[in-house]
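S.K.: Below is the file protein_0.txt, with compact mmCIF, C-alpha atoms.
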# COMPACT_ATOMS: atom_id res chain seq x y z
CA MET A 1 -5.01 19.53 -42.00
CA LEU A 2 -2.38 21.92 -40.68
CA ASP A 3 -3.59 23.29 -37.36
CA PRO A 4 -4.65 26.91 -38.00
CA THR A 5 -4.33 27.71 -34.28
CA GLY A 6 -0.59 27.00 -34.24
CA SER A 7 -0.98 25.48 -30.76
CA ALA A 8 1.78 22.86 -31.13
CA PRO A 9 3.68 23.70 -34.33
CA HIS A 10 6.84 21.71 -33.60
CA THR A 11 4.94 18.54 -32.69
CA GLU A 12 2.99 18.88 -35.91
CA ALA A 13 6.14 19.55 -37.95
CA ALA A 14 7.94 16.55 -36.47
CA ALA A 15 5.08 14.26 -37.48
CA LEU A 16 5.09 15.63 -41.03
CA ARG A 17 8.87 15.39 -41.28
CA MET A 18 8.70 11.69 -40.51
CA ARG A 19 6.28 11.08 -43.37
CA GLY A 20 8.49 12.27 -46.21
CA PRO A 21 10.26 15.16 -47.96
CA ALA A 22 6.88 16.79 -48.63
CA VAL A 23 3.40 15.87 -47.46
CA ARG A 24 0.05 16.92 -48.92
CA VAL A 25 -1.92 18.84 -46.31
CA GLU A 26 -5.13 20.81 -46.11
CA LEU A 27 -4.85 24.49 -45.26
CA PRO A 28 -7.63 26.70 -43.91
CA GLY A 29 -10.39 27.11 -46.48
CA GLY A 30 -9.85 23.62 -47.86
CA VAL A 31 -6.81 24.67 -49.93
CA ILE A 32 -4.41 21.77 -50.62
CA ALA A 33 -0.64 22.27 -50.54
CA TRP A 34 2.60 20.36 -50.02
CA SER A 35 4.05 20.88 -46.54
CA VAL A 36 7.85 20.91 -46.38
CA THR A 37 9.57 20.71 -42.98
CA ARG A 38 12.99 19.14 -43.67
CA ARG A 39 15.83 21.64 -43.73
CA GLY A 40 17.55 20.21 -46.80
CA VAL A 41 14.36 20.13 -48.85
CA ILE A 42 13.50 23.67 -47.77
CA GLN A 43 16.89 24.89 -48.96
CA ASP A 44 16.54 23.04 -52.25
CA LEU A 45 13.07 24.35 -53.02
CA THR A 46 13.68 27.95 -51.98
CA THR A 47 16.66 28.18 -54.35
CA ASP A 48 15.07 26.20 -57.19
CA ALA A 49 14.14 28.30 -60.24
CA ARG A 50 11.24 25.89 -60.77
CA VAL A 51 9.55 27.29 -57.65
CA SER A 52 7.77 30.66 -57.69
CA ARG A 53 5.88 32.91 -55.29
CA ASP A 54 3.92 34.58 -58.13
CA PHE A 55 0.35 33.34 -57.71
CA ARG A 56 -0.85 35.24 -60.78
CA LYS A 57 1.50 33.45 -63.15
CA HIS A 58 2.08 30.10 -61.50
CA TRP A 59 -0.87 29.03 -59.34
CA PRO A 60 -3.98 27.96 -61.24
CA GLY A 61 -5.61 27.13 -57.91
CA ALA A 62 -5.66 30.80 -56.86
CA ALA A 63 -9.02 31.25 -58.59
CA ASP A 64 -10.53 28.47 -56.48
CA THR A 65 -9.64 29.86 -53.06
CA PRO A 66 -12.69 30.75 -50.97
CA GLU A 67 -13.79 34.31 -50.36
CA GLY A 68 -12.56 35.39 -46.95
CA TRP A 69 -9.59 33.00 -47.00
CA SER A 70 -7.60 33.62 -43.82
CA LEU A 71 -4.24 33.20 -45.59
CA ALA A 72 -5.08 35.66 -48.38
CA PRO A 73 -3.30 38.73 -46.93
CA LEU A 74 0.08 37.05 -47.36
CA ALA A 75 -0.63 34.66 -50.23
CA PHE A 76 -2.16 37.38 -52.42
CA GLU A 77 -0.09 40.34 -51.27
CA ASP A 78 0.58 42.71 -54.17
CA SER A 79 4.28 43.42 -53.64
CA PHE A 80 7.81 42.28 -54.39
CA PHE A 81 7.14 39.51 -51.87
CA ASN A 82 5.04 37.64 -54.45
CA LEU A 83 7.04 38.25 -57.59
CA TYR A 84 9.34 35.85 -59.43
CA GLY A 85 12.80 35.99 -60.93
CA ALA A 86 13.99 39.27 -62.44
CA GLU A 87 10.79 41.09 -61.43
CA HIS A 88 11.36 40.11 -57.82
CA ARG A 89 15.03 41.13 -57.88
CA LYS A 90 14.25 44.53 -59.39
CA SER A 91 11.40 45.31 -57.00
CA ARG A 92 13.26 44.05 -53.94
CA GLY A 93 16.27 46.12 -54.97
CA ARG A 94 14.29 49.33 -54.46
CA ILE A 95 13.78 48.54 -50.78
CA SER A 96 16.73 46.44 -49.64
CA PRO A 97 19.21 49.35 -49.27
CA ALA A 98 17.14 50.67 -46.34
CA PHE A 99 17.89 47.43 -44.47
CA ALA A 100 21.60 47.23 -45.28
CA PRO A 101 23.71 46.53 -42.15
CA ARG A 102 25.56 49.85 -42.36
CA ARG A 103 22.30 51.81 -42.36
CA VAL A 104 20.72 49.63 -39.69
CA ASP A 105 23.71 50.18 -37.40
CA LEU A 106 22.97 53.90 -37.51
CA MET A 107 19.60 53.13 -35.92
CA ARG A 108 21.09 51.53 -32.80
CA PRO A 109 21.07 54.71 -30.67
CA ARG A 110 17.35 55.21 -31.41
CA VAL A 111 16.59 51.57 -30.62
CA GLN A 112 18.57 51.88 -27.40
CA ALA A 113 16.76 55.06 -26.37
CA MET A 114 13.39 53.41 -26.90
CA ALA A 115 14.44 50.30 -24.98
CA ASP A 116 15.66 52.50 -22.13
CA ARG A 117 12.30 54.26 -21.90
CA LEU A 118 10.29 51.06 -21.96
CA VAL A 119 12.48 49.32 -19.38
CA ALA A 120 12.31 52.38 -17.14
CA ALA A 121 8.51 52.14 -17.23
CA LEU A 122 8.69 48.48 -16.28
CA GLY A 123 11.05 49.29 -13.45
CA ALA A 124 8.63 51.91 -12.14
CA LEU A 125 5.90 49.33 -11.52
CA ALA A 126 5.11 48.49 -7.93
CA PRO A 127 6.98 45.52 -6.41
CA GLY A 128 5.13 42.32 -7.26
CA GLU A 129 3.06 43.91 -10.06
CA SER A 130 2.70 41.73 -13.16
CA VAL A 131 2.73 42.92 -16.77
CA ASP A 132 2.50 41.38 -20.25
CA LEU A 133 6.03 41.80 -21.61
CA ARG A 134 4.91 41.39 -25.22
CA GLN A 135 2.52 44.34 -25.03
CA ALA A 136 4.58 46.48 -22.66
CA PHE A 137 8.03 45.98 -24.19
CA SER A 138 8.63 43.73 -27.21
CA LEU A 139 5.83 45.05 -29.38
CA PRO A 140 6.16 48.82 -28.76
CA LEU A 141 9.93 48.61 -29.21
CA THR A 142 9.84 46.83 -32.56
CA MET A 143 6.74 48.65 -33.82
CA THR A 144 8.32 52.02 -33.07
CA VAL A 145 11.52 51.11 -34.88
CA ILE A 146 9.84 49.96 -38.11
CA CYS A 147 7.31 52.82 -38.06
CA ASP A 148 10.12 55.35 -37.68
CA LEU A 149 11.93 53.79 -40.63
CA VAL A 150 8.85 53.64 -42.84
CA GLY A 151 7.47 56.99 -41.67
CA VAL A 152 4.18 56.01 -39.99
CA PRO A 153 3.01 58.96 -37.85
CA ALA A 154 2.23 58.38 -34.19
CA HIS A 155 -1.54 58.79 -34.56
CA LEU A 156 -1.78 55.95 -37.11
CA ARG A 157 0.49 53.39 -35.46
CA GLU A 158 -1.91 51.74 -33.06
CA GLY A 159 -4.56 51.09 -35.70
CA ILE A 160 -2.08 49.76 -38.23
CA GLY A 161 -0.43 47.51 -35.65
CA ARG A 162 -3.74 46.09 -34.48
CA VAL A 163 -4.95 45.19 -37.96
CA MET A 164 -1.51 43.82 -38.90
CA ASP A 165 -1.73 41.41 -35.98
CA ALA A 166 -5.26 40.42 -36.95
CA SER A 167 -4.20 39.71 -40.54
CA LEU A 168 -1.94 36.90 -39.30
CA ASP A 169 -4.71 35.17 -37.33
CA SER A 170 -5.28 32.03 -39.40
CA THR A 171 -8.26 31.00 -37.27
CA LEU A 172 -10.48 33.81 -38.60
CA ASP A 173 -13.80 32.86 -40.14
CA PRO A 174 -14.45 34.18 -43.68
CA GLU A 175 -16.55 37.16 -42.55
CA SER A 176 -13.93 38.28 -40.03
CA ALA A 177 -11.10 37.75 -42.51
CA LEU A 178 -12.88 39.91 -45.11
CA ALA A 179 -13.39 42.64 -42.50
CA VAL A 180 -9.71 42.54 -41.55
CA GLY A 181 -8.70 42.72 -45.20
CA ARG A 182 -10.87 45.78 -45.78
CA GLU A 183 -9.57 47.52 -42.68
CA LEU A 184 -5.98 46.70 -43.60
CA ASP A 185 -6.43 48.34 -46.98
CA GLU A 186 -8.18 51.35 -45.39
CA ARG A 187 -5.49 51.86 -42.75
CA LEU A 188 -2.60 51.66 -45.20
CA SER A 189 -4.40 53.83 -47.77
CA GLU A 190 -4.96 56.41 -45.03
CA PHE A 191 -1.26 56.34 -44.29
CA ILE A 192 -0.35 56.76 -47.97
CA ALA A 193 -2.69 59.75 -48.27
CA TYR A 194 -1.05 61.28 -45.20
CA LYS A 195 2.45 60.84 -46.65
CA ARG A 196 1.43 62.52 -49.90
CA THR A 197 0.68 65.68 -47.95
CA HIS A 198 3.40 65.20 -45.34
CA PRO A 199 6.52 63.96 -47.17
CA ALA A 200 9.57 63.41 -45.01
CA SER A 201 12.91 61.65 -44.91
CA ASP A 202 11.57 58.11 -44.74
CA LEU A 203 11.19 54.98 -46.84
CA THR A 204 7.54 55.55 -47.78
CA THR A 205 8.24 59.03 -49.13
CA ASP A 206 11.07 57.55 -51.19
CA LEU A 207 8.71 54.95 -52.67
CA LEU A 208 5.97 57.50 -53.33
CA LEU A 209 8.11 60.20 -54.83
CA SER A 210 11.01 58.27 -56.29
CA ASN A 211 12.96 60.23 -58.89
CA ALA A 212 15.74 57.70 -59.38
CA PRO A 213 16.64 57.03 -63.04
CA GLY A 214 14.34 54.41 -64.52
CA GLN A 215 12.07 54.30 -61.49
CA GLU A 216 8.60 55.65 -60.93
CA PRO A 217 6.55 55.88 -57.76
CA LEU A 218 4.74 52.65 -57.02
CA ALA A 219 1.07 52.23 -57.88
CA ASP A 220 -1.18 52.48 -54.84
CA SER A 221 -2.10 48.78 -54.80
CA VAL A 222 1.57 47.80 -54.94
CA LEU A 223 2.47 50.40 -52.34
CA VAL A 224 -0.20 49.05 -49.97
CA GLY A 225 1.19 45.53 -50.42
CA THR A 226 4.77 46.69 -50.03
CA LEU A 227 4.01 48.61 -46.83
CA PHE A 228 2.17 45.59 -45.47
CA ALA A 229 5.20 43.40 -46.20
CA MET A 230 7.72 45.81 -44.69
CA ILE A 231 5.81 46.77 -41.56
CA ASN A 232 4.59 43.26 -40.88
CA ALA A 233 7.93 41.57 -41.38
CA GLY A 234 9.68 44.51 -39.73
CA TYR A 235 8.12 43.97 -36.34
CA GLU A 236 6.34 40.59 -36.17
CA THR A 237 9.61 38.69 -36.51
CA ALA A 238 11.43 40.79 -33.93
CA VAL A 239 8.60 40.95 -31.39
CA ASN A 240 8.31 37.16 -31.38
CA LEU A 241 12.07 36.69 -31.26
CA ILE A 242 12.44 38.97 -28.23
CA THR A 243 9.46 37.55 -26.36
CA SER A 244 10.49 33.94 -27.00
CA ALA A 245 14.08 34.65 -25.93
CA VAL A 246 12.91 36.17 -22.64
CA GLN A 247 10.61 33.22 -22.03
CA ALA A 248 13.42 30.75 -22.75
CA LEU A 249 15.89 32.49 -20.43
CA LEU A 250 13.43 32.85 -17.56
CA THR A 251 12.46 29.20 -17.99
CA HIS A 252 16.14 28.15 -18.01
CA PRO A 253 17.82 30.29 -15.33
CA GLY A 254 21.03 28.29 -15.63
CA HIS A 255 21.57 29.65 -19.13
CA LEU A 256 20.80 33.17 -17.97
CA ALA A 257 23.46 32.74 -15.27
CA ARG A 258 25.97 31.71 -17.96
CA VAL A 259 25.22 34.85 -19.93
CA ARG A 260 25.75 36.99 -16.87
CA GLU A 261 29.04 35.31 -16.03
CA GLY A 262 30.18 35.72 -19.63
CA SER A 263 30.58 32.08 -20.61
CA ILE A 264 28.04 32.55 -23.41
CA GLY A 265 27.05 35.72 -25.25
CA TRP A 266 23.77 37.36 -26.14
CA ASP A 267 24.35 36.37 -29.75
CA ASP A 268 24.31 32.73 -28.59
CA VAL A 269 20.93 33.31 -26.96
CA ILE A 270 19.53 35.04 -30.04
CA GLU A 271 20.69 32.41 -32.52
CA GLU A 272 19.53 29.55 -30.30
CA THR A 273 16.12 31.20 -29.93
CA LEU A 274 15.92 31.52 -33.71
CA ARG A 275 16.76 27.83 -34.01
CA PHE A 276 14.55 26.63 -31.18
CA GLU A 277 11.53 28.91 -31.63
CA GLY A 278 11.70 30.51 -35.04
CA PRO A 279 9.36 33.53 -35.08
CA VAL A 280 7.80 32.57 -38.43
CA MET A 281 6.46 29.05 -38.83
CA HIS A 282 4.83 28.86 -42.27
CA VAL A 283 4.98 31.31 -45.17
CA PRO A 284 2.18 30.87 -47.74
CA LEU A 285 2.77 30.07 -50.56
CA ARG A 286 5.07 28.87 -53.31
CA TYR A 287 4.18 27.12 -56.58
CA ALA A 288 5.84 24.55 -58.82
CA ILE A 289 6.52 25.88 -62.31
CA GLU A 290 7.42 22.36 -63.47
CA ASP A 291 7.06 18.90 -62.01
CA ILE A 292 9.61 18.48 -59.20
CA ASP A 293 10.68 15.01 -58.12
CA LEU A 294 11.81 15.01 -54.47
CA GLY A 295 12.50 11.30 -54.32
CA ASP A 296 10.81 8.70 -52.11
CA GLY A 297 7.93 8.69 -54.58
CA VAL A 298 7.07 12.35 -53.93
CA VAL A 299 6.47 14.51 -57.01
CA ILE A 300 5.16 18.07 -56.75
CA ARG A 301 3.25 18.64 -59.97
CA ARG A 302 3.31 21.82 -62.01
CA GLY A 303 0.91 24.38 -60.57
CA GLU A 304 0.66 22.78 -57.13
CA ALA A 305 1.12 24.89 -54.03
CA VAL A 306 3.89 24.47 -51.44
CA ILE A 307 3.98 25.78 -47.87
CA ILE A 308 7.40 26.00 -46.24
CA GLY A 309 7.86 25.36 -42.50
CA PHE A 310 10.86 27.61 -41.86
CA ALA A 311 10.75 27.32 -38.06
CA ALA A 312 10.68 23.53 -38.39
CA ALA A 313 14.13 23.51 -40.01
CA GLY A 314 15.84 24.47 -36.76
CA ARG A 315 14.64 21.29 -35.07
CA ASP A 316 15.38 18.90 -37.90
CA PRO A 317 17.18 15.94 -36.24
CA GLU A 318 19.16 15.38 -39.45
CA VAL A 319 20.83 18.74 -38.76
CA HIS A 320 20.66 18.72 -34.95
CA PRO A 321 20.81 15.10 -33.80
CA ASP A 322 21.50 16.05 -30.16
CA ASP A 323 18.32 17.15 -28.39
CA PRO A 324 16.85 19.36 -31.13
CA ASP A 325 13.82 20.10 -28.94
CA VAL A 326 15.92 21.45 -26.07
CA PHE A 327 16.82 25.12 -25.70
CA ASP A 328 20.60 25.17 -25.26
CA PRO A 329 22.53 28.32 -26.22
CA THR A 330 25.78 26.54 -25.37
CA ARG A 331 25.42 24.20 -28.36
CA THR A 332 28.03 24.73 -31.05
CA ASP A 333 25.76 24.37 -34.07
CA LYS A 334 22.72 26.66 -33.95
CA ALA A 335 21.91 26.48 -37.66
CA HIS A 336 18.39 27.59 -38.59
CA LEU A 337 16.32 29.03 -41.41
CA ALA A 338 14.31 31.42 -39.24
CA PHE A 339 14.74 34.25 -41.73
CA GLY A 340 14.09 32.12 -44.78
CA PHE A 341 16.55 31.10 -47.46
CA GLY A 342 17.42 31.97 -51.04
CA PRO A 343 16.19 35.00 -53.01
CA HIS A 344 13.41 35.73 -50.53
CA PHE A 345 15.67 35.77 -47.46
CA CYS A 346 14.25 38.30 -44.99
CA MET A 347 15.65 41.78 -45.59
CA GLY A 348 15.02 42.67 -41.96
CA ALA A 349 17.16 39.89 -40.47
CA TYR A 350 20.00 42.19 -39.44
CA LEU A 351 17.57 44.70 -37.92
CA ALA A 352 15.75 41.96 -35.97
CA ARG A 353 19.03 40.72 -34.51
CA LEU A 354 20.05 44.26 -33.55
CA GLU A 355 16.69 44.90 -31.86
CA ALA A 356 16.91 41.61 -29.98
CA ASP A 357 20.44 42.39 -28.79
CA VAL A 358 19.46 45.83 -27.52
CA ALA A 359 16.23 44.55 -25.97
CA LEU A 360 17.75 41.62 -24.10
CA THR A 361 20.86 43.37 -22.84
CA THR A 362 18.84 46.35 -21.60
CA LEU A 363 16.07 44.31 -20.04
CA PHE A 364 18.25 41.88 -18.10
CA THR A 365 20.82 44.49 -17.09
CA ARG A 366 18.29 47.01 -15.77
CA LEU A 367 15.88 44.45 -14.30
CA PRO A 368 18.09 41.69 -12.86
CA ALA A 369 15.26 40.23 -10.76
CA LEU A 370 12.83 39.89 -13.71
CA SER A 371 10.79 36.69 -13.34
CA LEU A 372 7.79 34.89 -14.81
CA THR A 373 4.49 35.59 -13.09
CA ASP A 374 3.51 31.93 -13.21
CA PRO A 375 6.61 29.82 -13.99
CA GLY A 376 4.66 26.58 -14.20
CA ARG A 377 2.17 27.76 -16.82
CA ARG A 378 2.87 27.60 -20.53
CA PRO A 379 1.84 30.87 -22.18
CA ALA A 380 -0.90 30.77 -24.78
CA ARG A 381 0.38 30.76 -28.34
CA LEU A 382 -0.46 33.25 -31.06
CA PRO A 383 -3.54 32.01 -32.95
CA SER A 384 -1.61 31.59 -36.18
CA MET A 385 0.01 28.94 -38.32
CA ILE A 386 2.11 31.74 -39.87
CA VAL A 387 3.86 33.47 -36.96
CA ASN A 388 5.11 31.60 -33.92
CA GLY A 389 5.46 32.80 -30.35
CA PRO A 390 3.66 33.53 -27.08
CA ALA A 391 0.46 35.57 -27.40
CA ARG A 392 1.48 37.17 -24.10
CA LEU A 393 4.24 36.70 -21.54
CA ASP A 394 3.32 37.73 -18.01
CA VAL A 395 6.35 38.79 -15.98
CA VAL A 396 7.10 40.53 -12.69
CA PRO A 397 9.78 43.18 -13.31
CA ARG A 398 10.32 43.79 -9.58
CA PRO A 399 9.51 40.77 -7.42
CA GLU A 400 8.40 41.50 -3.88
CA THR A 401 11.07 41.10 -1.22
CA ALA A 402 11.13 41.22 2.54
CA THR A 403 12.32 44.84 2.40
CA ASP A 404 9.61 46.10 0.01
Since I need it in another form, could you write the structure as structure tokens?
M.R.:
Amino acid sequence: MLDPTGSAPHTEAAALRMRGPAVRVELPGGVIAWSVTRRGVIQDLTTDARVSRDFRKHWPGAADTPEGWSLAPLAFEDSFFNLYGAEHRKSRGRISPAFAPRRVDLMRPRVQAMADRLVAALGALAPGESVDLRQAFSLPLTMTVICDLVGVPAHLREGIGRVMDASLDSTLDPESALAVGRELDERLSEFIAYKRTHPASDLTTDLLLSNAPGQEPLADSVLVGTLFAMINAGYETAVNLITSAVQALLTHPGHLARVREGSIGWDDVIEETLRFEGPVMHVPLRYAIEDIDLGDGVVIRRGEAVIIGFAAAGRDPEVHPDDPDVFDPTRTDKAHLAFGFGPHFCMGAYLARLEADVALTTLFTRLPALSLTDPGRRPARLPSMIVNGPARLDVVPRPETATD
């Protein structure tokens, strides 16, 4: 069974990788799927027309999933995320322009202003005072950016963010998972109702009131699913990327010194973090439309489910034979699949990289003495087999000195 707590995802992935190109595993709720952790196989399957994300058309097992299944929010999301072929391309095409690099670049001043405010608050803490960097910096930065883009008003952000986080907790029991699902629908429906009476220049208003030729506003169920996909992917990836990068640099001060002296760049740190600690571990699910022979006696039969270990690809020794489990931003090849691959490649990849660049440069420039509160303690992980990163990262922005 894949560990729903996500406590040691890379150890688990390495063991599965050794067993073959795909391995049958049990997911929470007793659901059986093929786990894929080898980079080459991931690339093959995510670009194979015989593999779909549409559970309605291509997964007979969907009807047998238990009520209160902890993976249901993603696996059964009613959005472009879980469409196939031309339907997916058309639906994705309505949203992707908002995440085009040229438009994202225009957001940099707003991202920078938010980072400046958050870092200033950290710098105002008393010398020696500890704070959780994820809650005090990474999360509010990335949540603010995506909520501004989508148009979530300030009074709804905290509730939506809290239930979004809870929806990715794969350790939830059925009763808790059902409660989270209901609240998620309520929170997003409340937001949609607000936007109907408060239209503005934002992505949600565009989706609600679209008057483009051949397009109609999305149905409420699809809009709820689409907002879930955009908001969730829009900040969960970036918040984990930023927090993991800070942890890696503070754990490896030699690499931080190289950044400061200019021998490596912040892009090296970001790409190595994406390789070493991809912010998304598993994305449920995909389904075989036909029998797929992977070799080595492994055949994924038509209708069987597949779960892709995207974060595992960055540590595949076939791709990175030299110390794949070591964080080293000086390495030449930092290849990874942290943002997915193929038609479902993450639309927010460029935005996540921009946010990480602004966050890291601002944080380490303005707080040069930033340190871990307890350098010898490994932070607790997020209770999820889906997202990957520290649940919290306790840091001291202003260490005490003899002159304080």
S.K.: Report, in Å to a single decimal, how far apart atom CA of A:Asp3 and atom CA of A:Ala305 are.
M.R.: 17.4 Å
S.K.: Given all atoms listed in the file as the basis, pick out the residue of A:Ala313, A:Leu367, A:Met1, A:Val358 nearest to A:Ile42.
M.R.: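 With all atoms listed in the file as the atom set, the closest residue is A:Ala313.
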S.K.: Which residue gives the smallest distance to A:Asp316 among A:Ala8, A:Ile264, A:Val36, A:Ile242, with all atoms listed in the file counted?
M.R.: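 Distance minimum relative to A:Asp316 lands on A:Val36.
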S.K.: Could you tell me how far atom CA of A:Glu186 lies from atom CA of A:Phe55, in Å and to one decimal?
M.R.: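 So the answer is 23.4 Å.
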S.K.: Considering only C-alpha atoms, can you say which of A:Leu250, A:Leu188, A:Val152, A:Ala356 comes closest to A:Gly376?
M.R.: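 The shortest atom-to-atom distance to A:Gly376 comes from A:Leu250.
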S.K.: For each of A:Leu274, A:Pro174, A:Arg260, A:Leu2, take the minimum atom-to-atom distance to A:Val25, counting all atoms listed in the file, then give the residue where this is smallest.
M.R.: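 Ranking A:Leu274, A:Pro174, A:Arg260, A:Leu2 by distance to A:Val25, first place goes to A:Leu2.
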S.K.: From (3.5, 37.5, -12.1), in the file's coordinates, out to 12 Å: which residues are reached, counting all atoms listed in the file? Answer as an MDAnalysis selection string.
M.R.: chainID A and resid 126:133 370:377 393:400
S.K.: Given only C-alpha atoms as the basis, pick out the residue of A:Leu139, A:Val145, A:Ala193, A:Ala380 nearest to A:Asp165.
M.R.: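 Among the listed residues, A:Leu139 lies closest to A:Asp165.
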S.K.: Around (-10.0, 31.8, -47.1), as given in the file, which residues come within 9 Å? Count all atoms listed in the file and list them as a PyMOL selection string.
M.R.: chain A and resi 28-31+65-72+172-174+177-178
S.K.: So which one's closest to A:Gly262, A:Phe276, A:Thr330, A:Leu354, A:Val111? Using all atoms listed in the file, please.
M.R.: A:Thr330
S.K.: List the spatial neighbours of A:Arg286 as a ChimeraX atom specification - criterion: any atom at most 9 Å away, all atoms listed in the file, same-chain residues fewer than 3 positions off excluded.
M.R.: /A:46,51-55,58-59,75,82,283,304-308
S.K.: Find the distance between atom CA of A:Arg301 and atom CA of A:Pro21 and write it in Å to one decimal.
M.R.: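 Separation between atom CA of A:Arg301 and atom CA of A:Pro21: 14.3 Å.
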S.K.: For A:His252, please output as a PyMOL selection string all residues within 12 Å (counting all atoms listed in the file; exclusion window: fewer than 4 positions along the same chain).
M.R.: chain A and resi 245-248+256-259+269+326-329+371-372+375
S.K.: Could you pull the residues within 10 Å of A:His198, counting all atoms listed in the file, minus those fewer than 4 positions along the same chain, as an MDAnalysis selection string?
M.R.: chainID A and resid 151 153 192:194 205
S.K.: Those selected residues, please, written with C-alpha atoms and delivered as a JSON list (two decimals), keeping the file's coordinate frame.
M.R.:
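Output file selection.json follows:
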[["chain", "number", "residue", "atom", "x", "y", "z"],
["A", 151, "GLY", "CA", 7.47, 56.99, -41.67],
["A", 153, "PRO", "CA", 3.01, 58.96, -37.85],
["A", 192, "ILE", "CA", -0.35, 56.76, -47.97],
["A", 193, "ALA", "CA", -2.69, 59.75, -48.27],
["A", 194, "TYR", "CA", -1.05, 61.28, -45.20],
["A", 205, "THR", "CA", 8.24, 59.03, -49.13]]
S.K.: Find the residues near A:Val119: any atom within 12 Å, counting all atoms listed in the file, skip ones fewer than 6 places away on the same chain, and give them as a PyMOL selection string.
M.R.: chain A and resi 112-113+125+131+133+136-138+140-141+358-368+370+397-398
S.K.: When you look at stretch 230-233 of chain A with a cut-off of 12 Å (counting only C-alpha atoms), what residues show up, excluding the ones that are within fewer than 5 positions of it in the same chain? I need them as JSON, numbers by chain.
M.R.: {"A": [73, 74, 77, 79, 80, 81, 92, 95, 96, 98, 99, 139, 142, 143, 144, 145, 146, 147, 148, 149, 150, 151, 152, 157, 160, 161, 162, 163, 164, 165, 166, 167, 168, 184, 188, 203, 204, 223, 224, 225, 238, 239, 240, 241, 279, 280, 283, 339, 340, 345, 346, 347, 348, 349, 351, 352, 386, 387]}
